[in-house]
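Colleague: This is the structure I have questions about; it appears just below.
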Protein chains: 2
Amino acid sequence: MSRYALGLDYGTNSCRSLLVDLDNGEELGSAVFPYPSGQMGILTDPSDPHVARQNPQDYLDGMVAIVRGALEQASERRPGFAANDVIGLGIDTTGSTPIPVDAAGTPLALKPEFRDNLNAYVWLWKDHTAYAEAAAITEKAAAMRPEYLAACGGIYSSEWWWSKIWRCSKVDPAVFAAAHSWVEHCDWLPAVLTGHTRPDLVKRSICAAGHKAMFAASWGGLPDTKFLASLDPALADLRGRLYDSAEPSDVSAGTLTAEWSERLGLPEGISVAVGAFDAHMGAVGAGVKPGTLVKILGTSTCDITVLPNAVELGAVPGVCGVVDGSVLPGHYGIEAGQSAVGDIFLWFVNNLVPDSYGRTIDEKFVEMERRLAVMKPGESGLLALDWNNGNRTVLVDVQLTGLILGQTLHTSAHEIYRALIEATAFGALTIVNRMEEYGITISQIVNTGGLAVKNATLMQIYADVLGRPLRVAASDQTCALGAALFGAASGGTVRLEEVQETCCRLREIEYVPIPKNQAIYAELFALYSQVHDAFGKNGSVELGRVMKELLRIRAAAQK
Amino acid sequence: MSRYALGLDYGTNSCRSLLVDLDNGEELGSAVFPYPSGQMGILTDPSDPHVARQNPQDYLDGMVAIVRGALEQASERRPGFAANDVIGLGIDTTGSTPIPVDAAGTPLALKPEFRDNLNAYVWLWKDHTAYAEAAAITEKAAAMRPEYLAACGGIYSSEWWWSKIWRCSKVDPAVFAAAHSWVEHCDWLPAVLTGHTRPDLVKRSICAAGHKAMFAASWGGLPDTKFLASLDPALADLRGRLYDSAEPSDVSAGTLTAEWSERLGLPEGISVAVGAFDAHMGAVGAGVKPGTLVKILGTSTCDITVLPNAVELGAVPGVCGVVDGSVLPGHYGIEAGQSAVGDIFLWFVNNLVPDSYGRTIDEKFVEMERRLAVMKPGESGLLALDWNNGNRTVLVDVQLTGLILGQTLHTSAHEIYRALIEATAFGALTIVNRMEEYGITISQIVNTGGLAVKNATLMQIYADVLGRPLRVAASDQTCALGAALFGAASGGTVRLEEVQETCCRLREIEYVPIPKNQAIYAELFALYSQVHDAFGKNGSVELGRVMKELLRIRAAAQK
């Protein structure tokens, strides 16, 4: 008899499902649902580019579509497939993506009186309105509770839980007052499916609670009342209506209700795993283990590895999450990332690439990649910073912006595109260097996400810049795969390590660094680091040679 | 009886004529001839973006077309117009634009054996291949002949005479050996028209000789043999086949030959003025006088003023030309400039503006200007450097490149276009500040050139950044007008000041600084100066606040 699990992956612009055979790793069905609200699923405010909200109704509508879609495909592909053999369901989402809810656990956005108020909607991870609050939390924690900061890399981010909730209390007291509690997107959906939406019943994800809500068993869960009151008495008051415990995703959030069983076409009573953030489940789906760094290359990136929690590990400055059990049970999850990677490329092609490259966005990408693939490192004379959406690791500063230098009167769009790819690679190397400096061994890098699968030129540039061979996870859907594996494990009948071993494979292709390119990128990375430190840190830096060095490297490359 | 003069203006991509009535300033005819060779008249080398050459045949073909075109128009516009009433002809060209010629004065490029060799063609002003030679000349002059350097702002440029000729001797000894002498483009054309092309007969322009060929009466003309030999014995050897004297343009280069009289349809024997560089004649056509700075806003810019030569004036660091008589007889000509202004905008729209702004370059410019005209200063959060073609004043360094910073994931093309305009305005202010620091009073700024006439938004930004009211010269063709006035004056029957008073007028429009904008631009200029000095000079600079200040200014502007 077959055993299947279903994983649901809620991304920034769409959600998607994956149905996997736990006994051989075969992927039998997968469906996508683009969120219908806003611009590609994101509700924006023309007067403030920091605003990014979502509509919770999109999540519910998408759930039905993608589960039923996956089941239908499985039935077509495998005669005799039975939905009754699905033994568990797991869900991952973006995060920190908090939702204000009423006492019954209903998102305020779904109530008629808040329909027109963006502050009552879901505060998507990439919402950066709370940068002032994040800075104030960092300052206060540095003075009062340095241990909180140490756990999140030294700087609290505007993308995280408390920054956003505090921001809401300041800019929209009515929404804040109407919110009996707040739940993470990844906690809300399992609660819906298991019928436990009342805030005190919601099982909270340790992955989401971890550094993003400053939750740790060692200091008694969430930040203490005194600390929160020092920020805002309203936050201290809210604390009692939040939570005291949080669970890893091999724990069950409950069982599927009859109502949702019927809506989804899945067996009633199967286990729904505690939710987690996409990157964490994606790392599991890509086969993360000690010594393996998983890079999830998408609109933004996450770089995740684990260390057995028996190991002594100090704080890693600028690395935002080191949380026990947040990725794999029994291990510290170590999380870093870049705030924008694919998003930078998409911004560039949407805004600055003429139609001589093609009429559609896709055509433009294809033509630019064709042209940049034949370029040599250093040949353009360009250097860029990857900060169009701030810098998550190692500077942890959203008040940073993009930079491109080295332009002449001959610089063309595909040259800048290549410089932007290189900038993100230099950012990735900065993260790897920081981890290794603090004793985290990286013996293998496994990549996943759209860019890893689709963009061979980018992968070769990354290999050349990182100076290591790069592998790519076999599954196109490592986040949903990880969620499915957790769904299975949460039922208690299979072990996570066992299904991870069966289902998580690598593609055959290996991107091996080319020594000649490595040498040029070492020179360019030194210049990147100078400009990075000059604009990203305090203190004096000499930059008078940067443009001249780029011209020298260009002249050498053109020979 | 009417008196007319004809001015011919040889630009980077085309040449054009202007026929003016000397008694009332009326412009009666004007024709344009785009150079047919290369890309918009420029011969380039795909393997080296620094190469920019021209075909001398284009100049001759253009001469006939634009003179006859102007005369035909005058005949149509004014019944009774007679070409016989043209009393003089003046010519301005780009520079330093040297041409290798044989012993008869024939450009090598016109000889069959050199037809396929770019080094035998005209070395256009914007050719930057000789940057290493320029640096070596600067270094050697600093050690041996500091007075040479003082006269050209402290740094010798790759755009100038000796850098290019020396470069040719290194990279193409065959061309160098075949060149009996070298002539400036502005000296060659009057020589052709007056039949004096033999190098020892060519009347040389003091404006071209001035700082660009390091010519000064005070040290006996061109640089001495010992100095040249210290660079390259071949240059010392060439010196004797160049020239010992140079003249201002109110001097006649000779009279029009019968052959050219027939080809052009002009009276035989009229005076042809000694040539000069476009910017210098343009400044005269725009009404330059002590206290008036003329800004010629085109693909690059020139900023020119004059001081009576009775005044004591020391060296002005980074201001490239202070030459007695180079602009107006009896005055020091003071010349500064930006290596690319319109060229930066053209580069941007050619390479980085999508067709959502329009299908043609012109449509794109129009749409971008429509959108940026409603933006507030500081609103984009962007800051750029105007160095895509290096920096002429005050850094005098071609080994500098462009820079744009402040990009988010929302930055659009017209915002960057505005930032590029602002960058050129900040570069312009840097020049004005430097002149004033060294005692050159500027009580009026008169603008001319395509951008001054066509781009009202740019002019308002310039007024806001410069903090002064800006006027625009009435003529669309100030360079050709200045050339015509010199042509008239060179005949000896009219005085230059007199015809300048009659013919050089201002448009009614005055661009007055808006105090609110001025205040924001003062903040942005401080940031520009920080980045300018960080990348353009040696020494340490703190830049860690730049991006945050831009975000603060943006937030304030958006309120």
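Please note that chains go A, B, ... in the order of the structure tokens, that every chain numbers its residues from 1, and that ligands are numbered from 1 in the order shown.
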Leaving out Asn13 in chain B and any residue of its chain fewer than 4 positions from it, which residues lie within 9 Å of it when counting only C-alpha atoms, given as a list in words?

Modeller: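 Those residues are Phe33, Pro34, Tyr35, Gln39, Met40, Gly41 and Ile42 of chain B.
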
Colleague: Please produce an output containing N, CA, C and O atoms for each residue in the selection, written as a PDB file, in the first residue's frame.

Modeller:
ATOM      1  N   PHE B  33      24.543  69.570 -42.280  1.00  0.00           N
ATOM      2  CA  PHE B  33      25.019  68.410 -43.035  1.00  0.00           C
ATOM      3  C   PHE B  33      25.507  67.367 -42.033  1.00  0.00           C
ATOM      4  O   PHE B  33      26.529  67.547 -41.385  1.00  0.00           O
ATOM      5  N   PRO B  34      24.760  66.257 -41.880  1.00  0.00           N
ATOM      6  CA  PRO B  34      25.226  65.190 -40.989  1.00  0.00           C
ATOM      7  C   PRO B  34      26.376  64.459 -41.670  1.00  0.00           C
ATOM      8  O   PRO B  34      26.287  64.120 -42.850  1.00  0.00           O
ATOM      9  N   TYR B  35      27.459  64.228 -40.932  1.00  0.00           N
ATOM     10  CA  TYR B  35      28.607  63.531 -41.522  1.00  0.00           C
ATOM     11  C   TYR B  35      28.190  62.118 -41.920  1.00  0.00           C
ATOM     12  O   TYR B  35      27.638  61.381 -41.099  1.00  0.00           O
ATOM     13  N   GLN B  39      29.444  55.940 -37.401  1.00  0.00           N
ATOM     14  CA  GLN B  39      28.188  56.019 -36.662  1.00  0.00           C
ATOM     15  C   GLN B  39      27.958  57.474 -36.304  1.00  0.00           C
ATOM     16  O   GLN B  39      28.674  58.038 -35.475  1.00  0.00           O
ATOM     17  N   MET B  40      26.994  58.102 -36.956  1.00  0.00           N
ATOM     18  CA  MET B  40      26.732  59.521 -36.762  1.00  0.00           C
ATOM     19  C   MET B  40      28.011  60.341 -36.919  1.00  0.00           C
ATOM     20  O   MET B  40      28.280  61.258 -36.141  1.00  0.00           O
ATOM     21  N   GLY B  41      28.806  59.964 -37.916  1.00  0.00           N
ATOM     22  CA  GLY B  41      29.996  60.743 -38.228  1.00  0.00           C
ATOM     23  C   GLY B  41      31.246  60.358 -37.461  1.00  0.00           C
ATOM     24  O   GLY B  41      32.302  60.928 -37.671  1.00  0.00           O
ATOM     25  N   ILE B  42      31.114  59.369 -36.573  1.00  0.00           N
ATOM     26  CA  ILE B  42      32.267  58.990 -35.753  1.00  0.00           C
ATOM     27  C   ILE B  42      32.719  57.580 -36.123  1.00  0.00           C
ATOM     28  O   ILE B  42      31.912  56.649 -36.160  1.00  0.00           O
TER      29      ILE B  42
END

Colleague: Please, which residues of chain A lie no more than 7 Å from chain B when the count uses only C-alpha atoms, and can they be set out as a PyMOL selection string?

Modeller: chain A and resi 344+347+351-355+388-389+399-409+412-413+534-544+547-548

Colleague: Which residues come within 12 Å of Asp232 in chain A, counting only C-alpha atoms, excluding same-chain residues fewer than 4 positions away, as a list of chain:residue names?

Modeller: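 Residues meeting the cut-off are A:Glu133, A:Ala136, A:Ile137, A:Lys140, A:Trp162, A:Ser163, A:Ile165, A:Trp166, A:Arg167, A:Cys168, A:Ser169, A:Lys170, A:Thr225, A:Lys226, A:Phe227, A:Leu228, A:Ala236, A:Asp237, A:Leu238, A:Arg239.
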
Colleague: Give me a file of those residues, with C-alpha atoms, as a PDB file, in the first residue's frame.

Modeller:
ATOM      1  CA  GLU A 133      10.202  50.642  14.874  1.00  0.00           C
ATOM      2  CA  ALA A 136      13.942  51.440  18.088  1.00  0.00           C
ATOM      3  CA  ILE A 137      13.579  47.750  19.059  1.00  0.00           C
ATOM      4  CA  LYS A 140      16.097  49.204  23.286  1.00  0.00           C
ATOM      5  CA  TRP A 162       7.154  43.044  16.605  1.00  0.00           C
ATOM      6  CA  SER A 163       8.226  45.820  14.247  1.00  0.00           C
ATOM      7  CA  ILE A 165       2.654  44.958  15.083  1.00  0.00           C
ATOM      8  CA  TRP A 166       4.101  48.002  16.812  1.00  0.00           C
ATOM      9  CA  ARG A 167       3.907  49.956  13.582  1.00  0.00           C
ATOM     10  CA  CYS A 168       0.226  49.046  13.308  1.00  0.00           C
ATOM     11  CA  SER A 169      -0.424  50.232  16.864  1.00  0.00           C
ATOM     12  CA  LYS A 170       1.096  53.604  15.961  1.00  0.00           C
ATOM     13  CA  THR A 225       6.361  42.423  29.652  1.00  0.00           C
ATOM     14  CA  LYS A 226       8.792  44.975  31.037  1.00  0.00           C
ATOM     15  CA  PHE A 227      10.760  45.049  27.807  1.00  0.00           C
ATOM     16  CA  LEU A 228       7.642  45.280  25.668  1.00  0.00           C
ATOM     17  CA  ALA A 236       2.964  44.501  26.805  1.00  0.00           C
ATOM     18  CA  ASP A 237      -0.797  44.296  27.022  1.00  0.00           C
ATOM     19  CA  LEU A 238      -0.947  42.220  23.828  1.00  0.00           C
ATOM     20  CA  ARG A 239       1.648  39.709  25.066  1.00  0.00           C
TER      21      ARG A 239
END

Colleague: Taking the DSSP secondary structure from the backbone, can you list the residues of range 323-484 of chain A that are helix (DSSP H, G or I), as a ChimeraX atom specification?

Modeller: /A:342-352,355-357,361-373,413-437,450-454,456-466,478-484

Colleague: Near Ala336 in chain A, within 9 Å and counting only C-alpha atoms, which residues show up once chain neighbours fewer than 6 positions away are dropped, as a list in words?

Modeller: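 These residues fall inside the cut-off: Thr301, Cys302, Asp303, Ile304, Gly318, Val319, Cys320, Gly321, Arg392, Thr393, Val394 and Ile431 of chain A.
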
Colleague: To test your reading of the structure, identify every residue in range 262-333 of chain A that backbone DSSP assigns to strand (DSSP E or B), and report it as an NGL selection string.

Modeller: :A and (271-273 or 276-277 or 292-297 or 301-308 or 321-324 or 331-333)

Colleague: Just the number, please: distance in Å from CA of Asp9 in chain B to CA of His185 in chain B, one decimal.

Modeller: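 Distance between the two atoms: 11.5 Å.
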
Colleague: Expressed in Å to a single decimal, how great is the separation between CA of Ala273 in chain A and CA of Gly90 in chain A?

Modeller: 4.9 Å

Colleague: Under the rule of at most 12 Å, produce a per-residue listing of range 311-424 of chain B near range 466-478 of chain B: chain, number, name, the closest pair of atoms, and the distance in Å, as a Markdown table, using only C-alpha atoms.

Modeller:
| residue | atom | partner | partner_atom | distance |
| --- | --- | --- | --- | --- |
| B:Glu422 | CA | B:Leu466 | CA | 10.6 |
| B:Ala423 | CA | B:Leu466 | CA | 11.9 |
| B:Thr424 | CA | B:Leu466 | CA | 11.0 |

Colleague: Restrict the selected residues to N, CA and C atoms and save them as a short mmCIF file (atom, residue, chain, number, x, y, z; two decimals), in the first residue's frame.

Modeller:
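Written output follows (out_33.cif):
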data_model
loop_
_atom_site.label_atom_id
_atom_site.label_comp_id
_atom_site.auth_asym_id
_atom_site.auth_seq_id
_atom_site.Cartn_x
_atom_site.Cartn_y
_atom_site.Cartn_z
N GLU B 422 20.24 66.05 -12.80
CA GLU B 422 20.70 66.70 -11.56
C GLU B 422 22.21 66.53 -11.38
N ALA B 423 22.70 65.33 -11.73
CA ALA B 423 24.15 65.09 -11.60
C ALA B 423 24.93 66.07 -12.45
N THR B 424 24.45 66.31 -13.68
CA THR B 424 25.17 67.27 -14.53
C THR B 424 25.06 68.68 -13.96
#
